Amino acid sequence: MKKIYFTLLILGQCVLAQNKTEQDTTKSQELENVFITANRTATLRKETPVAISKITAKTINETKATAVYEIINKTPGVLMVNLGNEQHMMSIRQPMTTNAYYLYLEDGLPIRPMGIFNHNALLEINQFNLQSIEVVKGPVSSLYGPEAVGGTINLISLKPPVDPEFKFGVQADNYGYRRFQAAGGATIGKVGFHIAGISSLQENGWMTYSDYNKDNLNARIDYNISPSTRLISNTMYGKYYSDMSGSVNEDAFNNRTYKSSSDFTYRKSDALRTRLTLEHDWNDKSSSYITAYLRDNKLGQNPSYGIRWSPTVNPTTAKGEVNSNNFKSYGAIGQHTQKFDFLNTKIVAGALYDYSPVTYWSYVIDLKANLNPGEAGKQTVASYEIIAEHPDSKLADYTADIFNTAGYAQISINPFEKFILTLGGRYDNMKVNYDNALDLSSGSKVYDKATFKVGANYNPFEYAGFYGNYSQGFAPPGITSIFRTKPGTGGTTGVPADFYYNLEPATFNNYEIGGWFSFLENKLNFDYALYYMEGKNELLNIKLADNSTDYRSAGETRHKGIEFGASYRPSKQFNIRFGGTYAQHTYIDFKLSDKPSDPVQDLNGKEMPAAPKWSGNSEVSYYPDWLPDLRASVEWQLVGSYYQDQINTIKYGGYNLFNARIGYQWKKIEIYGNVLNLTDKLYAYNVSRANTTNAQPTYTAAAPRTFVFGIQYNFSLKK
């Protein structure tokens, strides 16, 4: 850990200064910003027929986030759910979920290959290496492939600066968190480079057994072979280890007794990603690139969510698990962009090949459950202890070779003034060659799908524009859910879950309209999107009576809502941002159980759990004329009420949360402070319960009022 920072500090003696931050923009200016994610090529916002938002370098710099969710939640229609220690869930046109309906990109390349989704993938991101973040809401499978359903988040890293730059700093809070960070870069002749590293450490936090540490190092080298040809190398290495404190029961939550019931659960990650890209501009209307890449990822867990306990069946015993998921990826992607004078036509076409060998195993551990006093059948657990581990009692044990191939193309034309038509399509084929030690089987599974989209932009006035689109989404079941043994059997059946539930690829059809308005000489701006999305065979998590998670493919689901954002800049001193979403997520055709004895057999017409109808994030920022280098802001986060279970028995009331931030730049030194949960509100990031009578809720408790302090030194050497 320390070696990373000694290296960076030595580098800083030669390479100095802070990367220039972008000036923040109003919404109308954002329409002139160049976006990459929505069309895989540089495109103006007003020519992009999707709901897309951009978080600028200025916003990232001023937020001074300890975790990425603090930044991403500023996007209207997005709720990134903090699960502690940078672990997370996501909600974009979906309930708050860990399912594989989001695509996470790093400079346009997926962090994970198709079939190996992990909802915690963003904990591998280096927050000190972000230039901007682009968020596309809704399916873009026609360009990026499977899992790009609810939304796509592209984290764009810092590029080598022209002038030598260096910055370093420390950040800490009042609950034992601290982070060291440094970055530097320069361009010398034809070669530019940038290096950024962070080291985060949490000790003795507000909740017991919640320590973690994370080290990340990013390095980029650009070689400008000629004015039209570039060679770019980008490498990331990160290590992460975290205690998994898990959730608490209702009494502990209400009493603010933040004590974990286990002291043995953990999550650890070791990740390497490297790529080499060759870009060439053939002329001013034609360009191509090809990228070769490698991923090497090891993820090990003794997960708190894997603890299975029932208050009515042997309440003093429980089961847990230990698992390991390791994969490598070897792949290449190539793309060509061509423009024509005829109807201002632009064509983007590309192909991808990805080979990812993976190994996964999981085995059972026996636990002792020490109970809190309570009525029989309604007791809660005070603590768990490991009694025995059973490496031979497997919940999963397989090796697989995943072959992903894809081809895509998109065309946009301008048939008449102020109107742009966009059409796109992609074909994906995922082949899995597997050896499953549970049932001693081997073979192949193939998931393939062609997805399409069509959209149009119409900008009749300088102060208003509109768009509409139809897009498709596609997501095969993750291979972990396919080959894992049937939940609740303790690994004794030897038969994988897809035998029982016939897990099928999920498909989605999305219909959307939206637009933007600008008034008062661009001081007041507003944008909106209305969507209606139907899903079939949506893979859902079902929480069982013993607290384990089951996977089922829903027959049909419906997701609909409106997303809106506004900004008002009455003067240079004030900026007001307002954004949110109203959404409904509903089961249309879904059976929870086929057992005649089950009192609830189907969920048709019921709301999906963990799906707040209202959510939003708004902020007022102040930049006083009387002290130009001072900034201050107050942020409001809203999460509405939602059902805790699939059978809609009881709701969690949601929460209103306030954060405050202040910072001051004195010469080359920046001092700042954040107050998270300003009012010290008692709230939970997530509340869930099993689909059984008298089931007890579990709370993923949120932190009490937290004070974050930091100091950063920024230095640049102008040529």
# chains A, B, ... in the order shown; residues from 1 in each chain; ligands from 1

$ closest_atom_pairs --of "segment 622-709 of chain A" --to "segment 560-572 of chain A" --cutoff "12 Å" --atoms "only C-alpha atoms" --output "tab-separated table"
residue	atom	partner	partner_atom	distance
A:Tyr622	CA	A:Lys572	CA	8.7
A:Tyr623	CA	A:Lys572	CA	7.3
A:Pro624	CA	A:Lys572	CA	8.4
A:Asp625	CA	A:Lys572	CA	8.2
A:Trp626	CA	A:Lys572	CA	11.9
A:Pro628	CA	A:Lys572	CA	10.6
A:Arg631	CA	A:Lys572	CA	11.9

$ residues_around --residues "Leu122 of chain A" --least-positions-apart "5" --cutoff "9 Å" --atoms "only C-alpha atoms" --output "list in words"
Val68, Glu86, Gln87, His88, Tyr104 and Ile111 of chain A

$ residues_around --residues "segment 133-147 of chain A" --least-positions-apart "2" --cutoff "8 Å" --atoms "only C-alpha atoms" --output "ChimeraX atom specification"
/A:35,37-40,50-56,72,75,77,92-93,100-103,114,130-131,149-156,406,408-410,424-428,450-453,471-476,508,510

$ closest_atom_pairs --of "segment 589-698 of chain A" --to "segment 575-585 of chain A" --cutoff "12 Å" --atoms "only C-alpha atoms" --output "tab-separated table"
residue	atom	partner	partner_atom	distance
A:Asn604	CA	A:His585	CA	11.9
A:Gly605	CA	A:His585	CA	9.9
A:Lys606	CA	A:His585	CA	8.8
A:Glu607	CA	A:His585	CA	5.9
A:Met608	CA	A:His585	CA	5.6
A:Pro609	CA	A:His585	CA	8.5
A:Ala610	CA	A:His585	CA	9.6
A:Ala611	CA	A:His585	CA	6.6
A:Pro612	CA	A:Ala583	CA	7.5
A:Lys613	CA	A:Ala583	CA	4.8
A:Trp614	CA	A:Tyr582	CA	4.8
A:Ser615	CA	A:Gly580	CA	5.6
A:Gly616	CA	A:Gly580	CA	3.6
A:Asn617	CA	A:Gly579	CA	5.5
A:Ser618	CA	A:Phe578	CA	4.3
A:Glu619	CA	A:Arg577	CA	5.1
A:Val620	CA	A:Ile576	CA	4.6
A:Ser621	CA	A:Asn575	CA	5.2
A:Tyr622	CA	A:Asn575	CA	6.7
A:Tyr623	CA	A:Asn575	CA	8.5
A:Pro624	CA	A:Asn575	CA	11.3
A:Arg631	CA	A:Asn575	CA	11.1
A:Ala632	CA	A:Asn575	CA	10.6
A:Ser633	CA	A:Asn575	CA	9.2
A:Val634	CA	A:Ile576	CA	9.9
A:Glu635	CA	A:Arg577	CA	9.2
A:Trp636	CA	A:Phe578	CA	9.2
A:Gln637	CA	A:Gly580	CA	9.4
A:Leu638	CA	A:Gly580	CA	8.4
A:Val639	CA	A:Gly580	CA	9.7
A:Gly640	CA	A:Tyr582	CA	9.6
A:Ser641	CA	A:Tyr582	CA	11.8
A:Tyr642	CA	A:Gln584	CA	10.5
A:Tyr643	CA	A:His585	CA	11.1
A:Gln646	CA	A:His585	CA	11.5

$ closest_residue --among "A:Ile650, A:Ile225, A:Ala684, A:Ala554" --to "Ala701 of chain A" --atoms "only C-alpha atoms"
A:Ala684

$ residues_around --residues "Tyr258 of chain A" --least-positions-apart "4" --cutoff "8 Å" --atoms "only C-alpha atoms" --output "list in words"
Trp206, Met207, Thr208, Val248, Ala252, Phe253 and Ala701 of chain A

$ write_last_selection --atoms "all heavy atoms" --output "mmCIF file, in the first residue's frame"
data_model
loop_
_atom_site.group_PDB
_atom_site.id
_atom_site.type_symbol
_atom_site.label_atom_id
_atom_site.label_comp_id
_atom_site.auth_asym_id
_atom_site.auth_seq_id
_atom_site.Cartn_x
_atom_site.Cartn_y
_atom_site.Cartn_z
ATOM 1 N N TRP A 206 -18.443 3.349 12.945
ATOM 2 C CA TRP A 206 -19.657 3.517 13.748
ATOM 3 C C TRP A 206 -20.411 2.205 13.924
ATOM 4 O O TRP A 206 -21.206 2.061 14.849
ATOM 5 C CB TRP A 206 -20.577 4.567 13.117
ATOM 6 C CG TRP A 206 -20.932 4.267 11.693
ATOM 7 C CD1 TRP A 206 -20.229 4.622 10.582
ATOM 8 C CD2 TRP A 206 -22.055 3.527 11.222
ATOM 9 N NE1 TRP A 206 -20.843 4.161 9.444
ATOM 10 C CE2 TRP A 206 -21.971 3.483 9.809
ATOM 11 C CE3 TRP A 206 -23.122 2.906 11.852
ATOM 12 C CZ2 TRP A 206 -22.920 2.835 9.022
ATOM 13 C CZ3 TRP A 206 -24.075 2.255 11.077
ATOM 14 C CH2 TRP A 206 -23.964 2.218 9.677
ATOM 15 N N MET A 207 -20.185 1.246 13.029
ATOM 16 C CA MET A 207 -20.759 -0.086 13.175
ATOM 17 C C MET A 207 -19.637 -1.083 13.413
ATOM 18 O O MET A 207 -18.569 -0.986 12.799
ATOM 19 C CB MET A 207 -21.550 -0.491 11.929
ATOM 20 C CG MET A 207 -22.302 -1.795 12.082
ATOM 21 S SD MET A 207 -23.483 -2.060 10.745
ATOM 22 C CE MET A 207 -24.330 -3.526 11.353
ATOM 23 N N THR A 208 -19.867 -2.033 14.333
ATOM 24 C CA THR A 208 -18.829 -3.008 14.622
ATOM 25 C C THR A 208 -18.556 -3.881 13.407
ATOM 26 O O THR A 208 -19.412 -4.099 12.558
ATOM 27 C CB THR A 208 -19.237 -3.912 15.794
ATOM 28 O OG1 THR A 208 -20.412 -4.653 15.434
ATOM 29 C CG2 THR A 208 -19.509 -3.108 17.048
ATOM 30 N N VAL A 248 -28.919 -5.390 10.362
ATOM 31 C CA VAL A 248 -29.309 -5.503 11.771
ATOM 32 C C VAL A 248 -30.817 -5.686 11.849
ATOM 33 O O VAL A 248 -31.555 -5.386 10.906
ATOM 34 C CB VAL A 248 -28.878 -4.263 12.578
ATOM 35 C CG1 VAL A 248 -27.368 -4.108 12.562
ATOM 36 C CG2 VAL A 248 -29.548 -2.992 12.035
ATOM 37 N N ALA A 252 -32.492 -3.391 16.990
ATOM 38 C CA ALA A 252 -31.140 -2.824 16.961
ATOM 39 C C ALA A 252 -31.104 -1.565 16.111
ATOM 40 O O ALA A 252 -30.438 -0.579 16.467
ATOM 41 C CB ALA A 252 -30.151 -3.858 16.440
ATOM 42 N N PHE A 253 -31.833 -1.579 15.002
ATOM 43 C CA PHE A 253 -31.870 -0.403 14.139
ATOM 44 C C PHE A 253 -32.504 0.784 14.857
ATOM 45 O O PHE A 253 -31.937 1.884 14.886
ATOM 46 C CB PHE A 253 -32.638 -0.722 12.865
ATOM 47 C CG PHE A 253 -32.885 0.471 11.977
ATOM 48 C CD1 PHE A 253 -31.864 1.021 11.230
ATOM 49 C CD2 PHE A 253 -34.148 1.047 11.906
ATOM 50 C CE1 PHE A 253 -32.081 2.123 10.418
ATOM 51 C CE2 PHE A 253 -34.380 2.148 11.099
ATOM 52 C CZ PHE A 253 -33.348 2.688 10.353
ATOM 53 N N ALA A 701 -28.272 -0.562 7.829
ATOM 54 C CA ALA A 701 -28.277 0.732 8.510
ATOM 55 C C ALA A 701 -27.334 1.714 7.837
ATOM 56 O O ALA A 701 -26.270 1.348 7.326
ATOM 57 C CB ALA A 701 -27.882 0.541 9.969
#

$ select_by_dssp --residues "segment 441-639 of chain A" --states "alpha helix (DSSP H)" --output "list in words"
Ile479, Thr480, Ser481, Ile482, Phe483, Ala497, Asp498, Phe499, Tyr500 and Tyr501 of chain A

$ residues_around --residues "segment 363-371 of chain A" --least-positions-apart "6" --cutoff "8 Å" --atoms "only C-alpha atoms" --output "VMD selection string"
chain A and resid 315 to 323 379 to 396 490 to 491

$ residues_around --residues "segment 355-361 of chain A" --least-positions-apart "4" --cutoff "6 Å" --atoms "only C-alpha atoms" --output "list in words"
Asn323, Ser324, Asn325, Asn326, Phe327, Lys328, Ser329, Tyr330, Ala396, Asp397, Tyr398, Thr399, Ala400, Asp401, Ile402 and Phe403 of chain A

$ select_by_dssp --residues "segment 392-537 of chain A" --states "strand (DSSP E)" --output "ChimeraX atom specification"
/A:392-416,419-436,441-461,464-475,506-519,524-537

$ closest_residue --among "A:Met80, A:Met244, A:Leu217, A:Met96" --to "Ile198 of chain A" --atoms "only C-alpha atoms"
A:Leu217

$ residues_around --residues "Tyr470 of chain A" --least-positions-apart "5" --cutoff "8 Å" --atoms "only C-alpha atoms" --output "ChimeraX atom specification"
/A:453-455,509-512

$ closest_residue --among "A:Tyr289, A:Tyr699, A:Tyr175, A:Phe419" --to "Arg230 of chain A" --atoms "only C-alpha atoms"
A:Tyr289

$ closest_residue --among "A:Tyr463, A:Tyr672, A:Phe180, A:Tyr655" --to "Leu520 of chain A" --atoms "only C-alpha atoms"
A:Tyr463

$ decode --residues "segment 386-402 of chain A" --atoms "all heavy atoms" --output "short mmCIF file (atom, residue, chain, number, x, y, z; two decimals), in the first residue's frame"
data_model
loop_
_atom_site.label_atom_id
_atom_site.label_comp_id
_atom_site.auth_asym_id
_atom_site.auth_seq_id
_atom_site.Cartn_x
_atom_site.Cartn_y
_atom_site.Cartn_z
N ILE A 386 -18.92 -19.65 13.93
CA ILE A 386 -18.62 -20.78 13.05
C ILE A 386 -18.37 -22.03 13.89
O ILE A 386 -17.55 -22.03 14.80
CB ILE A 386 -17.39 -20.48 12.17
CG1 ILE A 386 -17.67 -19.30 11.23
CG2 ILE A 386 -17.01 -21.72 11.35
CD1 ILE A 386 -16.48 -18.94 10.35
N ILE A 387 -19.12 -23.09 13.58
CA ILE A 387 -18.93 -24.38 14.24
C ILE A 387 -18.02 -25.28 13.41
O ILE A 387 -17.08 -25.89 13.92
CB ILE A 387 -20.29 -25.09 14.49
CG1 ILE A 387 -21.17 -24.23 15.40
CG2 ILE A 387 -20.07 -26.47 15.09
CD1 ILE A 387 -22.56 -24.78 15.57
N ALA A 388 -18.32 -25.36 12.11
CA ALA A 388 -17.55 -26.24 11.25
C ALA A 388 -17.67 -25.78 9.81
O ALA A 388 -18.68 -25.18 9.41
CB ALA A 388 -18.03 -27.68 11.38
N GLU A 389 -16.62 -26.03 9.04
CA GLU A 389 -16.64 -25.77 7.60
C GLU A 389 -16.66 -27.10 6.86
O GLU A 389 -16.06 -28.08 7.30
CB GLU A 389 -15.42 -24.95 7.19
CG GLU A 389 -15.36 -23.58 7.84
CD GLU A 389 -14.33 -22.66 7.21
OE1 GLU A 389 -13.97 -22.89 6.03
OE2 GLU A 389 -13.90 -21.71 7.88
N HIS A 390 -17.37 -27.13 5.74
CA HIS A 390 -17.54 -28.36 4.96
C HIS A 390 -17.15 -28.12 3.51
O HIS A 390 -18.02 -27.97 2.64
CB HIS A 390 -18.99 -28.84 5.05
CG HIS A 390 -19.46 -29.07 6.45
ND1 HIS A 390 -19.11 -30.18 7.18
CD2 HIS A 390 -20.26 -28.32 7.26
CE1 HIS A 390 -19.67 -30.12 8.39
NE2 HIS A 390 -20.37 -29.00 8.46
N PRO A 391 -15.85 -28.08 3.22
CA PRO A 391 -15.42 -27.84 1.83
C PRO A 391 -15.95 -28.88 0.85
O PRO A 391 -16.01 -28.59 -0.36
CB PRO A 391 -13.89 -27.90 1.94
CG PRO A 391 -13.59 -27.58 3.37
CD PRO A 391 -14.71 -28.16 4.15
N ASP A 392 -16.32 -30.07 1.34
CA ASP A 392 -16.84 -31.10 0.44
C ASP A 392 -18.34 -30.98 0.20
O ASP A 392 -18.89 -31.68 -0.65
CB ASP A 392 -16.54 -32.49 1.00
CG ASP A 392 -15.04 -32.78 1.05
OD1 ASP A 392 -14.33 -32.22 0.19
OD2 ASP A 392 -14.60 -33.53 1.93
N SER A 393 -19.01 -30.12 0.96
CA SER A 393 -20.45 -29.91 0.77
C SER A 393 -20.64 -28.66 -0.08
O SER A 393 -20.74 -27.54 0.43
CB SER A 393 -21.16 -29.76 2.12
OG SER A 393 -22.55 -29.62 1.94
N LYS A 394 -20.68 -28.85 -1.37
CA LYS A 394 -20.61 -27.73 -2.31
C LYS A 394 -21.99 -27.21 -2.69
O LYS A 394 -22.91 -27.97 -2.95
CB LYS A 394 -19.88 -28.17 -3.59
CG LYS A 394 -18.40 -28.52 -3.38
CD LYS A 394 -17.58 -27.30 -3.03
CE LYS A 394 -16.11 -27.64 -2.77
NZ LYS A 394 -15.44 -28.17 -3.95
N LEU A 395 -22.11 -25.89 -2.71
CA LEU A 395 -23.27 -25.23 -3.30
C LEU A 395 -23.05 -24.99 -4.79
O LEU A 395 -24.00 -24.89 -5.55
CB LEU A 395 -23.52 -23.89 -2.61
CG LEU A 395 -23.96 -23.97 -1.14
CD1 LEU A 395 -23.84 -22.61 -0.49
CD2 LEU A 395 -25.38 -24.50 -1.04
N ALA A 396 -21.79 -24.88 -5.17
CA ALA A 396 -21.42 -24.72 -6.58
C ALA A 396 -19.98 -25.13 -6.74
O ALA A 396 -19.16 -24.96 -5.83
CB ALA A 396 -21.62 -23.27 -7.04
N ASP A 397 -19.67 -25.68 -7.90
CA ASP A 397 -18.30 -26.09 -8.20
C ASP A 397 -18.20 -26.33 -9.70
O ASP A 397 -18.57 -27.38 -10.20
CB ASP A 397 -17.94 -27.35 -7.42
CG ASP A 397 -16.46 -27.70 -7.56
OD1 ASP A 397 -15.71 -26.88 -8.13
OD2 ASP A 397 -16.06 -28.79 -7.09
N TYR A 398 -17.73 -25.32 -10.43
CA TYR A 398 -17.68 -25.46 -11.88
C TYR A 398 -16.51 -24.68 -12.46
O TYR A 398 -15.98 -23.74 -11.84
CB TYR A 398 -18.98 -25.01 -12.54
CG TYR A 398 -19.30 -23.54 -12.39
CD1 TYR A 398 -18.75 -22.59 -13.25
CD2 TYR A 398 -20.17 -23.08 -11.39
CE1 TYR A 398 -19.04 -21.25 -13.11
CE2 TYR A 398 -20.46 -21.74 -11.25
CZ TYR A 398 -19.89 -20.83 -12.12
OH TYR A 398 -20.17 -19.50 -11.98
N THR A 399 -16.12 -25.07 -13.63
CA THR A 399 -15.23 -24.28 -14.49
C THR A 399 -15.95 -24.06 -15.80
O THR A 399 -16.76 -24.90 -16.23
CB THR A 399 -13.89 -24.99 -14.74
OG1 THR A 399 -14.14 -26.23 -15.42
CG2 THR A 399 -13.16 -25.24 -13.43
N ALA A 400 -15.69 -22.93 -16.43
CA ALA A 400 -16.37 -22.63 -17.69
C ALA A 400 -15.49 -21.74 -18.55
O ALA A 400 -14.71 -20.93 -18.04
CB ALA A 400 -17.71 -21.95 -17.42
N ASP A 401 -15.62 -21.92 -19.84
CA ASP A 401 -15.01 -21.02 -20.82
C ASP A 401 -16.15 -20.26 -21.51
O ASP A 401 -17.03 -20.88 -22.12
CB ASP A 401 -14.21 -21.80 -21.86
CG ASP A 401 -12.95 -22.42 -21.27
OD1 ASP A 401 -12.41 -21.85 -20.31
OD2 ASP A 401 -12.52 -23.47 -21.76
N ILE A 402 -16.13 -18.94 -21.38
CA ILE A 402 -17.18 -18.11 -21.96
C ILE A 402 -16.62 -17.44 -23.22
O ILE A 402 -15.58 -16.78 -23.18
CB ILE A 402 -17.65 -17.03 -20.97
CG1 ILE A 402 -18.13 -17.68 -19.66
CG2 ILE A 402 -18.78 -16.20 -21.58
CD1 ILE A 402 -18.51 -16.68 -18.60
#
